[in-house]
$ cat entry-v4.txt   # compact mmCIF, C-alpha atoms
# COMPACT_ATOMS: atom_id res chain seq x y z
CA MET A 1 32.89 -14.50 32.23
CA SER A 2 29.32 -13.40 31.51
CA ALA A 3 27.57 -11.11 33.94
CA ALA A 4 24.94 -12.69 36.14
CA ALA A 5 21.31 -12.63 35.07
CA GLU A 6 19.23 -9.78 36.41
CA GLU A 7 15.57 -9.42 37.31
CA VAL A 8 14.02 -6.19 36.12
CA GLU A 9 10.59 -4.86 37.11
CA VAL A 10 8.75 -3.60 34.05
CA ALA A 11 5.08 -2.56 34.03
CA GLY A 12 4.30 -4.67 37.08
CA GLN A 13 6.03 -7.81 35.80
CA THR A 14 9.42 -9.31 36.60
CA VAL A 15 11.45 -9.83 33.43
CA ARG A 16 14.67 -11.84 33.62
CA LEU A 17 17.58 -10.40 31.65
CA SER A 18 20.18 -13.11 31.03
CA ASN A 19 23.69 -12.58 29.65
CA PRO A 20 23.31 -8.78 29.75
CA ASP A 21 26.90 -8.15 28.62
CA LYS A 22 26.69 -10.34 25.53
CA ILE A 23 27.74 -8.35 22.47
CA TYR A 24 24.82 -7.91 20.07
CA PHE A 25 26.28 -5.30 17.70
CA PRO A 26 30.03 -5.97 17.47
CA ALA A 27 30.72 -3.10 15.08
CA ARG A 28 29.54 -0.62 17.73
CA GLY A 29 30.13 -2.67 20.87
CA PHE A 30 26.46 -2.60 21.87
CA THR A 31 25.35 -5.35 24.24
CA LYS A 32 22.15 -7.18 24.99
CA ARG A 33 21.70 -4.83 27.95
CA ASP A 34 21.99 -1.88 25.58
CA VAL A 35 19.20 -3.32 23.41
CA PHE A 36 17.04 -4.03 26.47
CA ASP A 37 17.60 -0.54 27.89
CA TYR A 38 16.96 1.05 24.49
CA TYR A 39 13.47 -0.43 24.29
CA LEU A 40 12.69 0.71 27.83
CA SER A 41 13.88 4.22 26.97
CA VAL A 42 11.59 4.58 23.93
CA ALA A 43 8.60 3.20 25.84
CA ASP A 44 5.85 5.56 24.68
CA GLY A 45 6.92 5.48 21.05
CA ILE A 46 7.36 1.72 20.73
CA LEU A 47 4.06 1.07 22.51
CA ARG A 48 2.26 3.53 20.26
CA ALA A 49 3.46 1.38 17.36
CA LEU A 50 2.87 -2.04 18.95
CA ARG A 51 0.02 -1.80 21.43
CA ASP A 52 -2.73 -4.38 20.83
CA ARG A 53 -1.12 -5.52 17.54
CA PRO A 54 -0.16 -9.13 16.77
CA THR A 55 3.60 -8.94 16.38
CA THR A 56 6.16 -11.15 14.69
CA LEU A 57 9.54 -11.13 16.41
CA GLU A 58 12.81 -11.07 14.47
CA ARG A 59 15.16 -12.75 16.92
CA TRP A 60 18.96 -12.59 16.81
CA PRO A 61 19.97 -14.54 19.93
CA GLN A 62 23.65 -14.60 18.93
CA GLY A 63 23.69 -10.93 17.97
CA VAL A 64 24.09 -9.20 14.62
CA PHE A 65 27.60 -10.29 13.73
CA GLU A 66 29.35 -10.08 10.38
CA GLY A 67 28.08 -12.82 8.06
CA ALA A 68 25.08 -13.71 10.25
CA LYS A 69 22.22 -15.26 8.30
CA LEU A 70 18.50 -14.72 8.76
CA SER A 71 16.50 -17.90 8.23
CA THR A 72 13.88 -18.12 5.52
CA ARG A 73 11.08 -20.60 4.95
CA ALA A 74 13.38 -22.52 2.64
CA ASP A 75 16.32 -22.60 5.07
CA ASN A 76 15.68 -22.58 8.80
CA ARG A 77 19.30 -23.06 9.80
CA GLY A 78 20.25 -19.42 10.06
CA ASP A 79 21.65 -17.47 12.99
CA ALA A 80 18.41 -15.53 13.34
CA PHE A 81 14.76 -16.25 12.67
CA TYR A 82 11.21 -14.91 12.65
CA GLN A 83 9.03 -16.08 15.51
CA LYS A 84 5.30 -15.97 14.79
CA ARG A 85 4.13 -18.20 17.63
CA VAL A 86 4.56 -17.52 21.33
CA PRO A 87 6.59 -20.42 22.81
CA LYS A 88 4.76 -22.78 25.13
CA THR A 89 7.31 -21.96 27.83
CA ALA A 90 6.48 -18.23 27.74
CA PRO A 91 4.96 -16.59 30.85
CA ASP A 92 1.20 -16.84 31.29
CA TRP A 93 0.87 -13.07 31.60
CA LEU A 94 1.85 -12.48 27.97
CA HIS A 95 -1.12 -11.40 25.87
CA ARG A 96 -1.60 -13.47 22.73
CA VAL A 97 -3.96 -13.16 19.79
CA GLN A 98 -4.76 -15.69 17.07
CA ILE A 99 -4.05 -14.63 13.51
CA ALA A 100 -4.64 -16.49 10.23
CA PHE A 101 -2.07 -16.74 7.45
CA PRO A 102 -2.92 -16.76 3.71
CA SER A 103 -2.47 -20.56 3.80
CA GLY A 104 -5.33 -20.84 6.29
CA ARG A 105 -3.03 -21.91 9.14
CA THR A 106 -3.25 -20.00 12.39
CA ALA A 107 -0.88 -18.91 15.14
CA ASP A 108 -1.09 -17.35 18.57
CA GLU A 109 1.18 -14.31 18.23
CA LEU A 110 2.52 -12.00 20.87
CA CYS A 111 0.25 -8.97 21.22
CA PRO A 112 1.94 -6.30 23.36
CA VAL A 113 -0.32 -4.46 25.76
CA ASP A 114 2.39 -2.89 27.92
CA LEU A 115 6.15 -2.41 28.09
CA ALA A 116 6.71 -5.72 29.90
CA HIS A 117 5.84 -7.50 26.65
CA VAL A 118 8.48 -5.51 24.80
CA ALA A 119 11.05 -6.20 27.52
CA TRP A 120 10.27 -9.95 27.45
CA ALA A 121 10.80 -9.97 23.67
CA ALA A 122 14.11 -8.10 24.02
CA GLN A 123 15.24 -10.70 26.54
CA GLN A 124 14.50 -13.34 23.88
CA GLY A 125 16.97 -11.67 21.52
CA THR A 126 14.41 -9.71 19.53
CA ILE A 127 16.06 -6.94 17.54
CA VAL A 128 13.24 -6.10 15.12
CA PHE A 129 9.51 -5.86 15.90
CA HIS A 130 7.13 -6.55 13.00
CA PRO A 131 3.54 -5.68 14.03
CA TRP A 132 0.53 -6.43 11.86
CA PRO A 133 -1.52 -3.39 10.73
CA VAL A 134 -4.48 -4.60 12.82
CA ARG A 135 -5.59 -4.57 16.46
CA ASP A 136 -6.60 -7.56 18.54
CA THR A 137 -10.24 -6.43 18.45
CA ASP A 138 -10.42 -7.23 14.71
CA VAL A 139 -7.43 -9.02 13.20
CA ASP A 140 -8.98 -9.14 9.72
CA ARG A 141 -9.51 -5.40 9.18
CA PRO A 142 -6.47 -3.12 9.17
CA ASP A 143 -6.54 0.19 11.02
CA GLU A 144 -3.19 1.23 9.57
CA LEU A 145 -2.39 1.89 5.92
CA ARG A 146 1.32 1.61 5.16
CA ILE A 147 3.14 3.14 2.19
CA ASP A 148 6.59 1.58 1.80
CA LEU A 149 8.94 3.58 -0.45
CA ASP A 150 11.78 1.26 -1.43
CA PRO A 151 14.73 2.72 -3.37
CA GLN A 152 15.94 0.49 -6.21
CA PRO A 153 19.55 0.10 -7.39
CA GLY A 154 20.82 3.43 -8.59
CA THR A 155 18.66 5.34 -6.11
CA ASP A 156 19.08 6.11 -2.42
CA PHE A 157 17.44 7.62 0.64
CA ALA A 158 17.33 11.07 -0.96
CA ASP A 159 15.19 9.65 -3.77
CA ALA A 160 12.88 7.95 -1.27
CA ALA A 161 12.56 11.23 0.64
CA GLN A 162 11.72 13.02 -2.61
CA ALA A 163 9.06 10.41 -3.37
CA ALA A 164 7.73 10.89 0.17
CA GLY A 165 7.27 14.57 -0.65
CA GLU A 166 5.02 13.53 -3.53
CA VAL A 167 3.13 11.26 -1.12
CA ARG A 168 2.63 14.19 1.23
CA ALA A 169 1.26 16.41 -1.54
CA LEU A 170 -1.16 13.76 -2.79
CA LEU A 171 -2.39 13.01 0.73
CA ALA A 172 -2.98 16.73 1.28
CA GLU A 173 -5.19 16.79 -1.81
CA LEU A 174 -7.15 13.90 -0.32
CA GLY A 175 -7.47 15.58 3.07
CA ALA A 176 -5.42 12.85 4.75
CA THR A 177 -2.49 13.09 7.16
CA GLY A 178 0.52 10.84 6.67
CA TRP A 179 3.17 10.12 9.27
CA PRO A 180 6.69 9.52 7.87
CA LYS A 181 9.57 7.58 9.35
CA THR A 182 12.90 6.27 8.19
CA SER A 183 12.97 2.56 7.52
CA GLY A 184 16.29 2.19 9.31
CA GLY A 185 17.88 1.60 5.92
CA ARG A 186 17.57 3.49 2.64
CA GLY A 187 13.78 3.63 2.52
CA VAL A 188 10.94 5.72 3.88
CA HIS A 189 7.64 4.54 5.37
CA VAL A 190 4.50 6.66 5.56
CA TYR A 191 1.69 5.47 7.84
CA LEU A 192 -1.95 6.51 8.03
CA ARG A 193 -4.48 5.52 10.64
CA ILE A 194 -7.70 4.38 8.98
CA ALA A 195 -11.07 3.21 10.20
CA PRO A 196 -11.01 -0.61 10.62
CA ARG A 197 -13.83 -1.11 8.12
CA TRP A 198 -12.07 -2.74 5.19
CA THR A 199 -10.40 -6.09 4.53
CA PHE A 200 -6.74 -6.64 3.70
CA VAL A 201 -7.70 -7.08 0.06
CA GLU A 202 -9.49 -3.73 -0.01
CA VAL A 203 -6.75 -1.82 1.80
CA ARG A 204 -4.13 -3.33 -0.52
CA ARG A 205 -6.24 -2.19 -3.50
CA ALA A 206 -6.31 1.30 -1.98
CA VAL A 207 -2.50 1.37 -1.74
CA ILE A 208 -2.22 0.18 -5.36
CA ALA A 209 -4.53 2.97 -6.49
CA PHE A 210 -2.54 5.53 -4.51
CA GLY A 211 0.75 4.24 -5.92
CA ARG A 212 -0.55 4.29 -9.47
CA GLU A 213 -1.55 7.93 -9.08
CA LEU A 214 1.93 8.74 -7.79
CA GLU A 215 3.43 6.91 -10.74
CA ARG A 216 1.25 8.82 -13.21
CA ARG A 217 2.41 12.11 -11.71
CA ARG A 218 6.08 11.21 -11.34
CA PRO A 219 6.92 8.32 -13.69
CA ASP A 220 10.55 9.42 -13.58
CA LEU A 221 10.71 8.90 -9.80
CA VAL A 222 8.12 6.29 -8.78
CA THR A 223 7.30 2.79 -10.03
CA MET A 224 4.63 0.23 -9.21
CA ALA A 225 6.32 -2.55 -11.20
CA TRP A 226 6.36 -5.76 -9.16
CA TRP A 227 9.05 -7.29 -11.36
CA LYS A 228 12.51 -5.93 -10.56
CA GLU A 229 13.59 -5.98 -14.20
CA LEU A 230 10.97 -3.32 -14.96
CA ARG A 231 11.62 -0.92 -12.09
CA GLY A 232 14.67 0.91 -13.35
CA GLU A 233 16.34 3.55 -11.18
CA ARG A 234 13.16 4.56 -9.43
CA VAL A 235 11.54 4.24 -6.01
CA PHE A 236 9.24 1.22 -5.76
CA VAL A 237 5.95 1.57 -3.89
CA ASP A 238 5.85 -1.87 -2.30
CA TYR A 239 2.08 -2.32 -2.28
CA ASN A 240 2.35 -5.93 -1.11
CA GLN A 241 3.38 -4.71 2.32
CA MET A 242 -0.39 -4.32 2.81
CA ALA A 243 -1.05 -7.97 1.99
CA ARG A 244 -2.03 -10.23 4.87
CA ASP A 245 0.96 -11.45 6.89
CA ARG A 246 3.33 -8.89 5.40
CA THR A 247 4.83 -6.62 8.03
CA ILE A 248 7.27 -3.72 8.31
CA ALA A 249 9.66 -2.87 11.13
CA CYS A 250 7.67 -0.53 13.35
CA ALA A 251 8.46 2.94 14.58
CA TYR A 252 11.40 2.84 17.02
CA SER A 253 12.26 -0.74 16.17
CA LEU A 254 15.97 -1.38 15.83
CA ARG A 255 17.20 -2.90 12.58
CA ALA A 256 19.50 -5.88 12.27
CA ASN A 257 22.46 -4.16 10.66
CA GLN A 258 25.99 -3.39 11.78
CA ARG A 259 25.04 0.25 12.41
CA ALA A 260 22.27 -0.61 14.92
CA THR A 261 19.95 1.88 13.25
CA ALA A 262 16.35 2.42 14.29
CA SER A 263 13.27 3.04 12.16
CA THR A 264 12.65 6.56 13.38
CA PRO A 265 9.63 8.89 13.10
CA VAL A 266 10.52 12.28 11.66
CA THR A 267 8.58 15.38 10.74
CA TRP A 268 7.80 16.10 7.11
CA ASP A 269 9.97 19.20 7.22
CA GLU A 270 13.10 17.39 8.41
CA LEU A 271 12.72 14.32 6.19
CA ALA A 272 14.55 15.69 3.15
CA ASP A 273 17.61 16.73 5.17
CA CYS A 274 17.95 13.90 7.66
CA GLU A 275 20.58 11.17 7.52
CA PRO A 276 19.02 7.80 8.48
CA ASP A 277 22.29 6.41 9.86
CA ASP A 278 22.25 9.17 12.48
CA PHE A 279 19.25 7.46 14.12
CA HIS A 280 20.56 4.49 16.07
CA LEU A 281 20.44 2.74 19.42
CA LYS A 282 22.32 5.46 21.29
CA THR A 283 20.95 8.59 19.61
CA VAL A 284 17.21 7.95 19.34
CA PRO A 285 16.45 7.96 23.11
CA ALA A 286 18.08 11.39 23.43
CA ARG A 287 16.15 12.62 20.38
CA ILE A 288 12.85 11.62 21.99
CA ALA A 289 13.83 13.22 25.30
CA GLN A 290 14.65 16.49 23.55
CA ARG A 291 11.96 16.65 20.86
CA GLY A 292 9.24 14.20 21.83
CA ASP A 293 7.70 11.72 19.39
CA PRO A 294 6.75 13.13 15.97
CA HIS A 295 4.09 10.38 15.76
CA ALA A 296 2.41 11.37 19.04
CA GLY A 297 -0.80 12.39 17.24
CA ILE A 298 -1.02 9.48 14.82
CA ASP A 299 -4.11 7.95 16.45
CA ASP A 300 -6.14 11.15 16.57
CA HIS A 301 -7.75 11.25 13.13
CA PRO A 302 -8.51 7.93 11.39
CA TRP A 303 -9.07 8.43 7.67
CA ASP A 304 -11.76 7.09 5.32
CA ILE A 305 -10.10 5.36 2.34
CA THR A 306 -13.24 5.50 0.16
CA PRO A 307 -11.61 7.94 -2.33
CA LEU A 308 -8.80 5.46 -2.95
CA LEU A 309 -11.25 2.61 -3.47
CA GLU A 310 -13.07 4.77 -6.00
CA TRP A 311 -9.76 5.34 -7.77
CA ALA A 312 -9.21 1.57 -7.77
CA GLU A 313 -12.62 1.04 -9.43
CA ARG A 314 -11.79 3.72 -12.00
CA ASP A 315 -8.44 2.11 -12.77
CA GLU A 316 -10.04 -1.30 -13.17
CA ARG A 317 -12.58 0.12 -15.64
CA ASP A 318 -9.63 1.56 -17.55
CA GLY A 319 -7.97 -1.84 -17.71
CA ALA A 320 -5.60 -1.53 -14.74
CA GLY A 321 -6.77 -4.26 -12.37
CA ASP A 322 -5.00 -6.12 -9.61
CA LEU A 323 -1.23 -6.66 -9.41
CA PRO A 324 0.71 -9.82 -8.48
CA TYR A 325 0.80 -11.06 -4.91
CA PRO A 326 3.98 -12.44 -3.28
CA PRO A 327 5.03 -15.83 -4.68
CA ASP A 328 4.16 -17.80 -1.52
CA TYR A 329 0.52 -16.65 -1.66
CA PRO A 330 -2.29 -18.82 -2.99
CA LYS A 331 -3.67 -17.57 -6.28
CA MET A 332 -5.95 -14.64 -5.46
CA PRO A 333 -9.21 -13.71 -7.23
CA GLY A 334 -8.61 -11.24 -10.06
CA GLU A 335 -4.85 -11.52 -9.80
CA PRO A 336 -2.90 -11.40 -13.09
CA PRO A 337 -0.57 -14.27 -14.03
CA ARG A 338 2.63 -14.46 -12.02
CA VAL A 339 4.90 -14.64 -15.04
CA GLN A 340 8.20 -12.82 -15.07
CA PRO A 341 8.10 -10.36 -18.00
CA SER A 342 11.39 -11.59 -19.49
CA ARG A 343 9.72 -14.95 -19.98
CA LYS A 344 6.93 -13.38 -21.99
CA ASN A 345 6.84 -11.54 -25.26
CA PRO A 346 8.77 -8.26 -24.73
CA ALA A 347 5.96 -6.44 -26.51
CA ASN A 348 3.82 -7.09 -23.40
CA TRP A 349 6.27 -5.68 -20.83
CA GLU A 350 4.44 -2.41 -20.42
CA ASP A 351 1.41 -4.31 -19.12
CA ALA A 352 3.36 -6.20 -16.46
CA GLY A 353 3.71 -3.46 -13.87

$ encode --input "entry-v4.txt" --output "structure tokens"
Amino acid sequence: MSAAAEEVEVAGQTVRLSNPDKIYFPARGFTKRDVFDYYLSVADGILRALRDRPTTLERWPQGVFEGAKLSTRADNRGDAFYQKRVPKTAPDWLHRVQIAFPSGRTADELCPVDLAHVAWAAQQGTIVFHPWPVRDTDVDRPDELRIDLDPQPGTDFADAAQAAGEVRALLAELGATGWPKTSGGRGVHVYLRIAPRWTFVEVRRAVIAFGRELERRRPDLVTMAWWKELRGERVFVDYNQMARDRTIACAYSLRANQRATASTPVTWDELADCEPDDFHLKTVPARIAQRGDPHAGIDDHPWDITPLLEWAERDERDGAGDLPYPPDYPKMPGEPPRVQPSRKNPANWEDAG
């Protein structure tokens, strides 16, 4: 028999927690209450990542059980799904903000302004929070530049951490401060606060220029090749995570895996030696209580990305222009053909990355 629903006061609002004893992570025995309590316990950190940002919710109302399927655009019959629109039945006190997708369609997304919004989302079965890199004051100009280091087959977290060390060194040369975190899986994310002066297209160009410089310095370790068949056993800098409507699990968000890991901020010095599976629903709250949040100062010094845009102009003059967008995007100005290299003349493969 399920436990009775509870009413919990959070940030001045009453949030109803139904089925609190429902198992959400069977492999570890974690319940819906555990998820709810986790997000309350990492309050400052999760709000630092989410506050005033339109946020897509990755909802797993039946829990993260073995064989569970996450719906895609092509198949919406999965056990979990992405929610980009606040339901009409949601409380009036929830803050919403309208965002526009590449298709031109719009949606009123949840925009957390306090912990009650996070608690409401957890009650809805949200495991993963996917905030946009913008604030509600200007949803078309990012204030957060995200570098997503994605290990490819044959590589692992240690390789991503090594690539992150190269990111740190290059940022230091530029006079910029990056803030690393585990992805909750095998990857590493590095965030920078930037002035909200540039469009998504411009910030994406800046990330491409940064990634290309990394690749030039460490071609053995880093790749910018969009096509998987060209990446090899290297760490991919997923530049399209800065395209409009592409989001990453935020700092302190849980991940929908059997281990109940969390995307966890770390210091640069501990990154190389940390084990990402050690950061999960039960360990991260204690880590914050003991050490504080390594991202506590992330908002203090927004950075000017002009040097990266100058690199992008230099690269374009040298024949290295834009790179492919995700396949569901409309054709973008200046974008190269979206043709898989194996379908072209192999002699042209070197130009496809």

$ atom_distance --input "entry-v4.txt" --atom1 "CA of Val113 in chain A" --atom2 "CA of Arg96 in chain A"
9.6 Å

$ residues_around --input "entry-v4.txt" --residues "Pro87 in chain A" --least-positions-apart "4" --cutoff "10 Å" --atoms "only C-alpha atoms" --output "ChimeraX atom specification"
/A:83,91,108-110

$ atom_distance --input "entry-v4.txt" --atom1 "CA of Ser263 in chain A" --atom2 "CA of Cys250 in chain A"
6.7 Å

$ closest_residue --input "entry-v4.txt" --among "A:Asp299, A:Ala169, A:Val134, A:Val35" --to "Ile23 in chain A" --atoms "only C-alpha atoms"
A:Val35

$ closest_residue --input "entry-v4.txt" --among "A:Val201, A:Ala163, A:Val118, A:Leu323" --to "Val42 in chain A" --atoms "all atoms listed in the file"
A:Val118

$ closest_residue --input "entry-v4.txt" --among "A:Arg53, A:Ala206, A:Thr177, A:His189" --to "Asp138 in chain A" --atoms "only C-alpha atoms"
A:Arg53
